[in-house]
>>> print(open('start32.pdb').read())   # PDB, C-alpha atoms and all ligand atoms
ATOM      1  CA  MET A   1     -46.680 -20.875-244.815  1.00  0.00           C
ATOM      2  CA  LEU A   2     -46.788 -17.135-244.470  1.00  0.00           C
ATOM      3  CA  PHE A   3     -44.965 -15.469-247.351  1.00  0.00           C
ATOM      4  CA  LYS A   4     -44.393 -11.735-247.765  1.00  0.00           C
ATOM      5  CA  GLN A   5     -42.671  -9.887-250.562  1.00  0.00           C
ATOM      6  CA  VAL A   6     -41.377  -6.574-249.218  1.00  0.00           C
ATOM      7  CA  HIS A   7     -40.265  -3.687-251.435  1.00  0.00           C
ATOM      8  CA  ALA A   8     -37.236  -2.014-249.830  1.00  0.00           C
ATOM      9  CA  GLY A   9     -34.756   0.741-250.601  1.00  0.00           C
ATOM     10  CA  PRO A  10     -33.960   2.950-253.579  1.00  0.00           C
ATOM     11  CA  MET A  11     -32.826   0.167-255.954  1.00  0.00           C
ATOM     12  CA  GLN A  12     -36.169  -1.651-256.286  1.00  0.00           C
ATOM     13  CA  ASN A  13     -34.952  -4.482-254.051  1.00  0.00           C
ATOM     14  CA  PHE A  14     -37.239  -7.099-252.595  1.00  0.00           C
ATOM     15  CA  SER A  15     -36.717  -8.741-249.226  1.00  0.00           C
ATOM     16  CA  TYR A  16     -38.887 -11.694-248.243  1.00  0.00           C
ATOM     17  CA  ILE A  17     -40.331 -13.023-245.020  1.00  0.00           C
ATOM     18  CA  ILE A  18     -41.107 -16.730-244.764  1.00  0.00           C
ATOM     19  CA  GLY A  19     -43.027 -17.555-241.605  1.00  0.00           C
ATOM     20  CA  ASP A  20     -44.427 -20.718-240.084  1.00  0.00           C
ATOM     21  CA  GLY A  21     -47.894 -19.983-238.706  1.00  0.00           C
ATOM     22  CA  LYS A  22     -47.682 -22.736-236.115  1.00  0.00           C
ATOM     23  CA  SER A  23     -44.268 -22.292-234.493  1.00  0.00           C
ATOM     24  CA  LYS A  24     -44.272 -18.542-235.331  1.00  0.00           C
ATOM     25  CA  GLU A  25     -40.668 -18.791-236.483  1.00  0.00           C
ATOM     26  CA  ALA A  26     -39.639 -16.694-239.476  1.00  0.00           C
ATOM     27  CA  ALA A  27     -36.746 -16.250-241.863  1.00  0.00           C
ATOM     28  CA  VAL A  28     -35.880 -13.073-243.731  1.00  0.00           C
ATOM     29  CA  VAL A  29     -34.365 -13.421-247.189  1.00  0.00           C
ATOM     30  CA  ASP A  30     -31.952 -10.579-248.034  1.00  0.00           C
ATOM     31  CA  ALA A  31     -31.339  -7.597-245.790  1.00  0.00           C
ATOM     32  CA  GLY A  32     -30.217  -4.666-247.922  1.00  0.00           C
ATOM     33  CA  TRP A  33     -32.525  -1.915-246.722  1.00  0.00           C
ATOM     34  CA  GLU A  34     -35.363  -0.891-244.379  1.00  0.00           C
ATOM     35  CA  ILE A  35     -34.967  -3.647-241.829  1.00  0.00           C
ATOM     36  CA  ASP A  36     -37.327  -1.907-239.392  1.00  0.00           C
ATOM     37  CA  LYS A  37     -40.089  -2.423-241.961  1.00  0.00           C
ATOM     38  CA  LEU A  38     -39.287  -6.168-241.960  1.00  0.00           C
ATOM     39  CA  ILE A  39     -39.326  -6.348-238.162  1.00  0.00           C
ATOM     40  CA  GLU A  40     -42.611  -4.433-238.082  1.00  0.00           C
ATOM     41  CA  ILE A  41     -44.273  -6.814-240.560  1.00  0.00           C
ATOM     42  CA  ALA A  42     -43.025  -9.829-238.574  1.00  0.00           C
ATOM     43  CA  ASN A  43     -44.314  -8.311-235.321  1.00  0.00           C
ATOM     44  CA  LYS A  44     -47.703  -7.645-236.870  1.00  0.00           C
ATOM     45  CA  GLU A  45     -47.962 -11.310-237.824  1.00  0.00           C
ATOM     46  CA  LYS A  46     -46.642 -12.294-234.382  1.00  0.00           C
ATOM     47  CA  LEU A  47     -43.635 -13.935-236.025  1.00  0.00           C
ATOM     48  CA  LYS A  48     -40.173 -14.174-234.486  1.00  0.00           C
ATOM     49  CA  ILE A  49     -37.386 -13.696-237.015  1.00  0.00           C
ATOM     50  CA  ASN A  50     -34.533 -16.056-236.124  1.00  0.00           C
ATOM     51  CA  LYS A  51     -32.878 -16.756-239.470  1.00  0.00           C
ATOM     52  CA  ILE A  52     -31.572 -14.563-242.264  1.00  0.00           C
ATOM     53  CA  ILE A  53     -30.747 -16.151-245.600  1.00  0.00           C
ATOM     54  CA  LEU A  54     -28.765 -14.169-248.174  1.00  0.00           C
ATOM     55  CA  THR A  55     -29.190 -14.880-251.889  1.00  0.00           C
ATOM     56  CA  HIS A  56     -25.740 -13.482-252.697  1.00  0.00           C
ATOM     57  CA  SER A  57     -23.027 -11.076-251.586  1.00  0.00           C
ATOM     58  CA  HIS A  58     -23.937  -7.748-253.233  1.00  0.00           C
ATOM     59  CA  TYR A  59     -24.324  -4.819-250.876  1.00  0.00           C
ATOM     60  CA  ASP A  60     -27.906  -4.011-251.846  1.00  0.00           C
ATOM     61  CA  HIS A  61     -28.861  -7.447-250.472  1.00  0.00           C
ATOM     62  CA  VAL A  62     -26.587  -7.675-247.427  1.00  0.00           C
ATOM     63  CA  GLN A  63     -25.613  -4.268-246.087  1.00  0.00           C
ATOM     64  CA  LYS A  64     -28.135  -4.372-243.193  1.00  0.00           C
ATOM     65  CA  VAL A  65     -27.539  -7.993-242.219  1.00  0.00           C
ATOM     66  CA  ASP A  66     -25.371  -7.211-239.192  1.00  0.00           C
ATOM     67  CA  GLU A  67     -27.986  -4.810-237.826  1.00  0.00           C
ATOM     68  CA  LEU A  68     -30.947  -7.115-238.471  1.00  0.00           C
ATOM     69  CA  ALA A  69     -29.186 -10.206-237.077  1.00  0.00           C
ATOM     70  CA  SER A  70     -28.100  -8.255-233.975  1.00  0.00           C
ATOM     71  CA  LYS A  71     -31.590  -6.826-233.377  1.00  0.00           C
ATOM     72  CA  THR A  72     -33.389 -10.154-233.822  1.00  0.00           C
ATOM     73  CA  ASP A  73     -30.687 -12.516-232.549  1.00  0.00           C
ATOM     74  CA  SER A  74     -30.782 -14.362-235.865  1.00  0.00           C
ATOM     75  CA  SER A  75     -28.350 -16.788-237.445  1.00  0.00           C
ATOM     76  CA  VAL A  76     -27.194 -15.958-240.956  1.00  0.00           C
ATOM     77  CA  TYR A  77     -27.072 -18.431-243.851  1.00  0.00           C
ATOM     78  CA  PHE A  78     -25.369 -18.012-247.214  1.00  0.00           C
ATOM     79  CA  HIS A  79     -23.473 -20.026-249.796  1.00  0.00           C
ATOM     80  CA  GLU A  80     -19.874 -20.902-249.030  1.00  0.00           C
ATOM     81  CA  ASP A  81     -18.640 -19.405-252.325  1.00  0.00           C
ATOM     82  CA  ASP A  82     -19.764 -15.912-251.250  1.00  0.00           C
ATOM     83  CA  PHE A  83     -18.461 -16.350-247.702  1.00  0.00           C
ATOM     84  CA  ASN A  84     -15.477 -13.990-247.863  1.00  0.00           C
ATOM     85  CA  GLU A  85     -17.481 -11.181-249.435  1.00  0.00           C
ATOM     86  CA  ILE A  86     -20.460 -11.461-247.075  1.00  0.00           C
ATOM     87  CA  LYS A  87     -18.296 -11.772-243.982  1.00  0.00           C
ATOM     88  CA  LYS A  88     -17.113  -8.187-244.562  1.00  0.00           C
ATOM     89  CA  SER A  89     -20.655  -6.962-243.771  1.00  0.00           C
ATOM     90  CA  ILE A  90     -20.882  -8.848-240.465  1.00  0.00           C
ATOM     91  CA  LYS A  91     -19.051  -7.178-237.605  1.00  0.00           C
ATOM     92  CA  ASN A  92     -20.851  -8.572-234.538  1.00  0.00           C
ATOM     93  CA  PRO A  93     -18.843 -11.660-233.451  1.00  0.00           C
ATOM     94  CA  ASN A  94     -21.886 -13.157-231.685  1.00  0.00           C
ATOM     95  CA  ILE A  95     -23.797 -13.678-234.938  1.00  0.00           C
ATOM     96  CA  LYS A  96     -23.760 -17.341-235.941  1.00  0.00           C
ATOM     97  CA  LEU A  97     -22.866 -17.909-239.594  1.00  0.00           C
ATOM     98  CA  TYR A  98     -23.751 -21.015-241.583  1.00  0.00           C
ATOM     99  CA  LYS A  99     -22.225 -21.885-244.955  1.00  0.00           C
ATOM    100  CA  LEU A 100     -24.636 -23.423-247.459  1.00  0.00           C
ATOM    101  CA  LYS A 101     -24.112 -25.905-250.293  1.00  0.00           C
ATOM    102  CA  ASN A 102     -26.343 -26.963-253.187  1.00  0.00           C
ATOM    103  CA  ASN A 103     -29.336 -29.053-252.022  1.00  0.00           C
ATOM    104  CA  ASP A 104     -29.023 -28.045-248.375  1.00  0.00           C
ATOM    105  CA  GLU A 105     -32.267 -27.600-246.497  1.00  0.00           C
ATOM    106  CA  ILE A 106     -33.115 -24.922-243.933  1.00  0.00           C
ATOM    107  CA  LYS A 107     -36.084 -25.421-241.652  1.00  0.00           C
ATOM    108  CA  VAL A 108     -38.294 -22.577-240.509  1.00  0.00           C
ATOM    109  CA  GLY A 109     -40.622 -24.304-238.084  1.00  0.00           C
ATOM    110  CA  LYS A 110     -42.071 -27.067-240.234  1.00  0.00           C
ATOM    111  CA  ILE A 111     -41.359 -25.300-243.513  1.00  0.00           C
ATOM    112  CA  LYS A 112     -38.482 -26.708-245.546  1.00  0.00           C
ATOM    113  CA  ILE A 113     -36.456 -24.336-247.686  1.00  0.00           C
ATOM    114  CA  LYS A 114     -34.330 -26.027-250.326  1.00  0.00           C
ATOM    115  CA  ILE A 115     -31.156 -24.309-251.459  1.00  0.00           C
ATOM    116  CA  ILE A 116     -30.323 -24.387-255.171  1.00  0.00           C
ATOM    117  CA  HIS A 117     -26.829 -23.125-256.010  1.00  0.00           C
ATOM    118  CA  THR A 118     -27.144 -20.903-259.091  1.00  0.00           C
ATOM    119  CA  PRO A 119     -23.769 -19.217-259.679  1.00  0.00           C
ATOM    120  CA  GLY A 120     -23.248 -16.767-262.543  1.00  0.00           C
ATOM    121  CA  HIS A 121     -24.375 -13.403-261.173  1.00  0.00           C
ATOM    122  CA  SER A 122     -22.012 -14.088-258.273  1.00  0.00           C
ATOM    123  CA  PRO A 123     -20.095 -17.302-257.425  1.00  0.00           C
ATOM    124  CA  GLY A 124     -22.228 -18.087-254.370  1.00  0.00           C
ATOM    125  CA  ALA A 125     -25.630 -17.017-255.711  1.00  0.00           C
ATOM    126  CA  ILE A 126     -28.490 -19.224-254.538  1.00  0.00           C
ATOM    127  CA  CYS A 127     -32.194 -19.648-255.198  1.00  0.00           C
ATOM    128  CA  LEU A 128     -34.519 -20.762-252.410  1.00  0.00           C
ATOM    129  CA  LEU A 129     -37.444 -23.112-252.931  1.00  0.00           C
ATOM    130  CA  ALA A 130     -40.156 -23.107-250.260  1.00  0.00           C
ATOM    131  CA  GLU A 131     -43.277 -25.096-251.209  1.00  0.00           C
ATOM    132  CA  ASN A 132     -44.049 -23.793-254.724  1.00  0.00           C
ATOM    133  CA  LYS A 133     -42.293 -20.454-254.295  1.00  0.00           C
ATOM    134  CA  LEU A 134     -38.828 -19.859-255.685  1.00  0.00           C
ATOM    135  CA  ILE A 135     -36.863 -16.832-254.490  1.00  0.00           C
ATOM    136  CA  THR A 136     -34.381 -16.157-257.259  1.00  0.00           C
ATOM    137  CA  GLY A 137     -32.233 -13.276-255.960  1.00  0.00           C
ATOM    138  CA  ASP A 138     -30.434 -11.653-258.897  1.00  0.00           C
ATOM    139  CA  THR A 139     -30.247 -14.886-260.915  1.00  0.00           C
ATOM    140  CA  LEU A 140     -33.670 -14.634-262.595  1.00  0.00           C
ATOM    141  CA  PHE A 141     -35.935 -11.592-262.812  1.00  0.00           C
ATOM    142  CA  VAL A 142     -39.360 -11.190-264.372  1.00  0.00           C
ATOM    143  CA  ASN A 143     -38.445 -11.082-268.080  1.00  0.00           C
ATOM    144  CA  ALA A 144     -34.745 -10.544-267.373  1.00  0.00           C
ATOM    145  CA  ILE A 145     -31.725 -12.169-265.738  1.00  0.00           C
ATOM    146  CA  GLY A 146     -28.895 -10.959-263.521  1.00  0.00           C
ATOM    147  CA  ARG A 147     -25.903  -9.140-264.963  1.00  0.00           C
ATOM    148  CA  THR A 148     -22.643 -11.052-265.218  1.00  0.00           C
ATOM    149  CA  ASP A 149     -20.185  -8.180-265.587  1.00  0.00           C
ATOM    150  CA  LEU A 150     -19.631  -7.634-261.872  1.00  0.00           C
ATOM    151  CA  ALA A 151     -16.790  -9.266-259.886  1.00  0.00           C
ATOM    152  CA  GLY A 152     -17.121 -13.049-259.938  1.00  0.00           C
ATOM    153  CA  GLY A 153     -19.835 -12.967-262.615  1.00  0.00           C
ATOM    154  CA  ASN A 154     -19.812 -15.459-265.483  1.00  0.00           C
ATOM    155  CA  SER A 155     -22.297 -15.700-268.386  1.00  0.00           C
ATOM    156  CA  LEU A 156     -21.729 -19.384-269.144  1.00  0.00           C
ATOM    157  CA  THR A 157     -22.122 -20.338-265.500  1.00  0.00           C
ATOM    158  CA  LEU A 158     -25.343 -18.324-265.315  1.00  0.00           C
ATOM    159  CA  PHE A 159     -26.582 -20.127-268.425  1.00  0.00           C
ATOM    160  CA  GLU A 160     -26.029 -23.493-266.684  1.00  0.00           C
ATOM    161  CA  SER A 161     -27.799 -22.229-263.562  1.00  0.00           C
ATOM    162  CA  LEU A 162     -30.841 -21.152-265.594  1.00  0.00           C
ATOM    163  CA  GLN A 163     -31.046 -24.651-267.140  1.00  0.00           C
ATOM    164  CA  LYS A 164     -31.266 -26.000-263.572  1.00  0.00           C
ATOM    165  CA  LEU A 165     -34.221 -23.708-262.807  1.00  0.00           C
ATOM    166  CA  LYS A 166     -35.992 -24.698-266.036  1.00  0.00           C
ATOM    167  CA  LYS A 167     -36.345 -28.228-264.650  1.00  0.00           C
ATOM    168  CA  LEU A 168     -38.714 -26.974-261.947  1.00  0.00           C
ATOM    169  CA  ASP A 169     -42.468 -27.295-262.527  1.00  0.00           C
ATOM    170  CA  ASP A 170     -44.049 -24.611-264.673  1.00  0.00           C
ATOM    171  CA  ASN A 171     -46.381 -23.619-261.846  1.00  0.00           C
ATOM    172  CA  VAL A 172     -43.532 -22.779-259.437  1.00  0.00           C
ATOM    173  CA  GLU A 173     -43.780 -19.072-258.652  1.00  0.00           C
ATOM    174  CA  VAL A 174     -40.711 -16.892-259.267  1.00  0.00           C
ATOM    175  CA  TYR A 175     -39.920 -14.162-256.704  1.00  0.00           C
ATOM    176  CA  PRO A 176     -36.958 -12.052-257.824  1.00  0.00           C
ATOM    177  CA  GLY A 177     -34.468  -9.911-255.885  1.00  0.00           C
ATOM    178  CA  HIS A 178     -35.526  -6.714-257.685  1.00  0.00           C
ATOM    179  CA  ASP A 179     -38.794  -5.297-258.969  1.00  0.00           C
ATOM    180  CA  TYR A 180     -37.567  -4.936-262.552  1.00  0.00           C
ATOM    181  CA  GLY A 181     -40.527  -6.462-264.397  1.00  0.00           C
ATOM    182  CA  GLU A 182     -43.995  -5.243-265.298  1.00  0.00           C
ATOM    183  CA  ILE A 183     -45.297  -7.492-262.518  1.00  0.00           C
ATOM    184  CA  PRO A 184     -43.539  -8.182-259.187  1.00  0.00           C
ATOM    185  CA  PHE A 185     -43.520 -11.979-259.509  1.00  0.00           C
ATOM    186  CA  SER A 186     -44.073 -14.605-262.145  1.00  0.00           C
ATOM    187  CA  THR A 187     -43.884 -18.376-262.697  1.00  0.00           C
ATOM    188  CA  ILE A 188     -41.310 -20.717-264.242  1.00  0.00           C
ATOM    189  CA  GLY A 189     -43.833 -21.448-267.022  1.00  0.00           C
ATOM    190  CA  GLY A 190     -44.436 -17.745-267.600  1.00  0.00           C
ATOM    191  CA  GLU A 191     -40.715 -17.013-267.821  1.00  0.00           C
ATOM    192  CA  LYS A 192     -40.281 -19.876-270.306  1.00  0.00           C
ATOM    193  CA  LYS A 193     -42.824 -18.142-272.531  1.00  0.00           C
ATOM    194  CA  THR A 194     -41.748 -14.507-272.324  1.00  0.00           C
ATOM    195  CA  ASN A 195     -38.195 -14.213-270.980  1.00  0.00           C
ATOM    196  CA  ILE A 196     -35.800 -14.383-273.959  1.00  0.00           C
ATOM    197  CA  TYR A 197     -32.806 -15.172-271.734  1.00  0.00           C
ATOM    198  CA  PHE A 198     -34.656 -17.935-269.931  1.00  0.00           C
ATOM    199  CA  LYS A 199     -35.989 -19.370-273.209  1.00  0.00           C
ATOM    200  CA  CYS A 200     -32.536 -19.549-274.702  1.00  0.00           C
ATOM    201  CA  SER A 201     -31.420 -23.186-274.786  1.00  0.00           C
ATOM    202  CA  THR A 202     -27.964 -23.146-276.352  1.00  0.00           C
ATOM    203  CA  LYS A 203     -24.777 -21.814-274.873  1.00  0.00           C
ATOM    204  CA  GLU A 204     -23.825 -20.032-278.087  1.00  0.00           C
ATOM    205  CA  LEU A 205     -26.937 -17.881-277.925  1.00  0.00           C
ATOM    206  CA  GLY A 206     -26.470 -17.807-274.183  1.00  0.00           C
ATOM    207  CA  MET A 207     -23.525 -15.455-274.433  1.00  0.00           C
ATOM    208  CA  PHE A 208     -25.051 -12.221-273.279  1.00  0.00           C
TER     209      PHE A 208
HETATM  210 ZN    ZN B 301     -26.597  -8.622-257.195  1.00  0.00          ZN
END
>>> encode(input="start32.pdb", output="structure tokens", more="lines below")
Ligand SMILES: [Zn+2]
Amino acid sequence: MLFKQVHAGPMQNFSYIIGDGKSKEAAVVDAGWEIDKLIEIANKEKLKINKIILTHSHYDHVQKVDELASKTDSSVYFHEDDFNEIKKSIKNPNIKLYKLKNNDEIKVGKIKIKIIHTPGHSPGAICLLAENKLITGDTLFVNAIGRTDLAGGNSLTLFESLQKLKKLDDNVEVYPGHDYGEIPFSTIGGEKKTNIYFKCSTKELGMF
């Protein structure tokens, strides 16, 4: 698996490229900014982007999806609970849209990407598990978590979603949607040790 974390835009966003070395297929995760940089990286690796997966509906993750999907002839995947919001960013009627549910699997060549529905930051927020790498969007950051005061946000729902992620192995690597930590990525075990929101195990203390 070829995996690239790409810093993009003025809000410390990360996009990701997941490529299969054999089939040369690739998926981009989140398309908020600097899509030419993503295409350039894919070209350098001789990868063909044909899927775009969106972690959630916020503009800093989706505003370039129409342009990137049109340029690369990609299909776009996102959770059904963020469908109405994300659809507003997609004007080209030829782009194929796929609604995701918890536990769905997307294949990029031979690579399997498992979808974990983690609502709370937004109703249709998802995390993506590919091999031992977890892309967490704005659900879990390095030493922080996503805000819940935006439209559709809910602290208790986010708490439940974080409990789901805690069940993953400690060595699973955490790749967030923003570069907000001291390091750009972490592990589930590392977050359990140092992230006070992720450590928190009761709902009462989970009200943040
Ligand atoms: Zn967000």
>>> resolve_selection(input="start32.pdb", expression="the PyMOL selection byres (((not hetatm)) within 9 of (chain B and resi 301))", output="list in words")
Thr55, His56, Ser57, His58, Tyr59, Asp60, His61, His121, Ser122, Ala125, Gly137, Asp138, Thr139, Gly146, Arg147, Leu150 and Gly177 of chain A
>>> resolve_selection(input="start32.pdb", expression="the PyMOL selection byres (((chain A and resi 46) around 10) and not hetatm)", output="PyMOL selection string")
chain A and resi 19+21+24-26+40-45+47-49
>>> closest_residue(input="start32.pdb", among="A:Phe83, A:Tyr77, A:Phe3, A:Tyr197", to="Asp30 of chain A", atoms="all atoms listed in the file")
A:Tyr77
>>> closest_residue(input="start32.pdb", among="A:Val65, A:Ile116, A:Ala27, A:Ala8", to="Thr136 of chain A", atoms="all atoms listed in the file")
A:Ile116
>>> closest_residue(input="start32.pdb", among="A:Ile135, A:Ala151, A:Val172, A:Ile52", to="Thr187 of chain A", atoms="only C-alpha atoms")
A:Val172
>>> closest_residue(input="start32.pdb", among="A:Glu131, A:Asp169, A:Glu182, A:Glu80", to="Lys99 of chain A", atoms="all atoms listed in the file")
A:Glu80
>>> closest_residue(input="start32.pdb", among="A:Lys96, A:Leu38, A:Ser75, A:Thr194", to="Gln5 of chain A", atoms="only C-alpha atoms")
A:Leu38
>>> residues_around(input="start32.pdb", residues="Leu162 of chain A", least_positions_apart="5", cutoff="8 Å", atoms="all atoms listed in the file", output="list of chain:residue names")
A:Thr118, A:Thr139, A:Leu140, A:Phe198
>>> atom_distance(input="start32.pdb", atom1="atom CA of Gly9 of chain A", atom2="atom CA of Gln63 of chain A")
11.4 Å
